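Undergrad: Dropping in upload_16.csv, which is CSV, C-alpha atoms and all ligand atoms:
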chain,number,residue,atom,x,y,z
A,1,MET,CA,-11.3,28.7,11.9
A,2,ALA,CA,-9.1,27.1,9.3
A,3,TRP,CA,-10.1,27.3,5.7
A,4,ILE,CA,-8.9,25.5,2.6
A,5,ALA,CA,-8.7,27.3,-0.7
A,6,LEU,CA,-9.0,25.4,-4.0
A,7,GLU,CA,-7.9,26.8,-7.3
A,8,CYS,CA,-8.2,25.3,-10.7
A,9,LEU,CA,-5.0,25.6,-12.7
A,10,SER,CA,-6.9,25.2,-16.0
A,11,CYS,CA,-9.6,27.9,-15.8
A,12,GLY,CA,-8.8,29.8,-12.6
A,13,HIS,CA,-12.0,28.8,-10.8
A,14,ARG,CA,-11.6,29.2,-7.1
A,15,ALA,CA,-13.5,27.9,-4.2
A,16,SER,CA,-13.0,27.5,-0.5
A,17,LEU,CA,-14.3,25.2,2.2
A,18,ALA,CA,-13.9,25.1,5.9
A,19,GLU,CA,-11.7,22.6,7.5
A,20,ASP,CA,-14.7,21.5,9.5
A,21,ASP,CA,-16.5,20.6,6.3
A,22,LEU,CA,-13.9,17.9,5.3
A,23,PRO,CA,-16.0,15.0,6.8
A,24,ALA,CA,-18.8,16.0,4.4
A,25,TYR,CA,-16.3,15.1,1.6
A,26,GLY,CA,-15.3,11.8,3.2
A,27,LEU,CA,-12.1,13.2,4.6
A,28,GLU,CA,-10.8,13.5,8.2
A,29,PRO,CA,-10.3,17.0,9.6
A,30,GLY,CA,-6.6,17.7,9.0
A,31,ALA,CA,-6.4,15.5,6.0
A,32,SER,CA,-3.5,16.2,3.7
A,33,LEU,CA,-4.1,18.5,0.8
A,34,VAL,CA,-2.7,15.9,-1.5
A,35,THR,CA,-5.5,13.6,-0.6
A,36,LEU,CA,-8.0,16.4,-1.1
A,37,THR,CA,-6.8,17.5,-4.5
A,38,LYS,CA,-6.7,14.0,-5.7
A,39,ARG,CA,-10.4,13.8,-5.1
A,40,THR,CA,-11.2,17.3,-6.5
A,41,VAL,CA,-12.5,18.0,-9.9
A,42,CYS,CA,-13.2,21.5,-11.1
A,43,ARG,CA,-16.9,22.0,-11.3
A,44,ARG,CA,-16.6,24.5,-14.1
A,45,CYS,CA,-14.2,22.8,-16.6
A,46,GLY,CA,-13.8,19.3,-15.2
A,47,SER,CA,-10.0,19.6,-14.8
A,48,ARG,CA,-8.3,17.7,-12.1
A,49,ALA,CA,-5.4,20.1,-12.1
A,50,VAL,CA,-6.5,21.7,-8.8
A,51,VAL,CA,-4.2,23.1,-6.1
A,52,ALA,CA,-5.2,23.6,-2.5
A,53,TYR,CA,-3.8,25.5,0.4
A,54,ARG,CA,-4.8,26.3,3.9
A,55,TYR,CA,-5.3,29.7,5.4
A,56,ALA,CA,-6.7,31.2,8.5
A,57,GLU,CA,-9.8,33.3,8.3
A,58,ASP,CA,-7.8,36.2,9.8
A,59,ASP,CA,-5.5,36.2,6.7
A,60,LEU,CA,-8.4,36.7,4.4
A,61,GLY,CA,-9.6,39.9,2.9
A,62,PRO,CA,-13.0,39.6,1.4
A,63,THR,CA,-14.4,36.2,2.0
A,64,LEU,CA,-14.5,33.8,-1.0
A,65,VAL,CA,-17.7,32.2,0.0
A,66,PRO,CA,-20.7,33.3,2.2
A,67,ARG,CA,-20.3,32.3,5.7
A,68,LYS,CA,-22.7,29.8,7.2
A,69,PRO,CA,-25.2,31.3,9.6
B,1,ZN,ZN,-11.5,24.6,-14.0
Using the file provided, produce a representation of the structure as structure tokens.
Ligand SMILES: [Zn+2]
TA:
Amino acid sequence: MAWIALECLSCGHRASLAEDDLPAYGLEPGASLVTLTKRTVCRRCGSRAVVAYRYAEDDLGPTLVPRKP
């Protein structure tokens, strides 16, 4: 499973979403991270200065978000 991490450069807020969830945001699976970050606004501070990167679940230590059942 591929995941995408999002991090706000303004307040440090982090989030992650599954690659498979991209269609829920109107994006194709495998969409570029540039496209994704252009659409992303920090839920906490409203900043658009958000960076995104992909990672594999195996790379992860503690999960950032609860897994779906
Ligand atoms: Zn923020």
Undergrad: Here is a test: counting all atoms listed in the file, which residue of A:Gly30, A:Tyr25, A:Arg14, A:Ala52 is nearest to Ala2 of chain A?
TA: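 Among the listed residues, the smallest separation from Ala2 of chain A belongs to A:Gly30.
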Undergrad: Find the residues near ligand ZN 1 (chain B). Use a cut-off of 6 Å, count all atoms listed in the file, and write them as a PDB file with C-alpha atoms, in the coordinates of the input.
TA:
ATOM      1  CA  CYS A   8      -8.200  25.300 -10.700  1.00  0.00           C
ATOM      2  CA  SER A  10      -6.900  25.200 -16.000  1.00  0.00           C
ATOM      3  CA  CYS A  11      -9.600  27.900 -15.800  1.00  0.00           C
ATOM      4  CA  HIS A  13     -12.000  28.800 -10.800  1.00  0.00           C
ATOM      5  CA  CYS A  42     -13.200  21.500 -11.100  1.00  0.00           C
ATOM      6  CA  ARG A  44     -16.600  24.500 -14.100  1.00  0.00           C
ATOM      7  CA  CYS A  45     -14.200  22.800 -16.600  1.00  0.00           C
ATOM      8  CA  GLY A  46     -13.800  19.300 -15.200  1.00  0.00           C
ATOM      9  CA  SER A  47     -10.000  19.600 -14.800  1.00  0.00           C
TER      10      SER A  47
END
Undergrad: From the options A:Ala56, A:Val50, A:Asp21, A:Met1, which residue's atoms come nearest to Thr35 of chain A, counting all atoms listed in the file?
TA: A:Val50
Undergrad: So which one's closest to Arg48 of chain A, A:Leu22, A:Ala15, A:Leu9, A:Leu27? Using only C-alpha atoms, please.
TA: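 The shortest atom-to-atom distance to Arg48 of chain A comes from A:Leu9.
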Undergrad: Please provide as a PyMOL selection string all residues within 8 Å of Ala5 of chain A, with the sequence filter that same-chain residues fewer than 2 positions apart are discarded (counting only C-alpha atoms).
TA: chain A and resi 3+7+14-17+52-55
Undergrad: Please indicate the distance in Å from atom CA of Glu28 of chain A to atom CA of Ile4 of chain A, rounded to one decimal place.
TA: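 Atom CA of Glu28 of chain A sits 13.4 Å away from atom CA of Ile4 of chain A.
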Undergrad: Give the answer as one residue: which of A:Gly26, A:Leu6, A:Ala31, A:Lys38 has the shortest atom-to-atom distance to Val51 of chain A, using only C-alpha atoms?
TA: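 Of A:Gly26, A:Leu6, A:Ala31, A:Lys38, the one nearest Val51 of chain A is A:Leu6, counting only C-alpha atoms.
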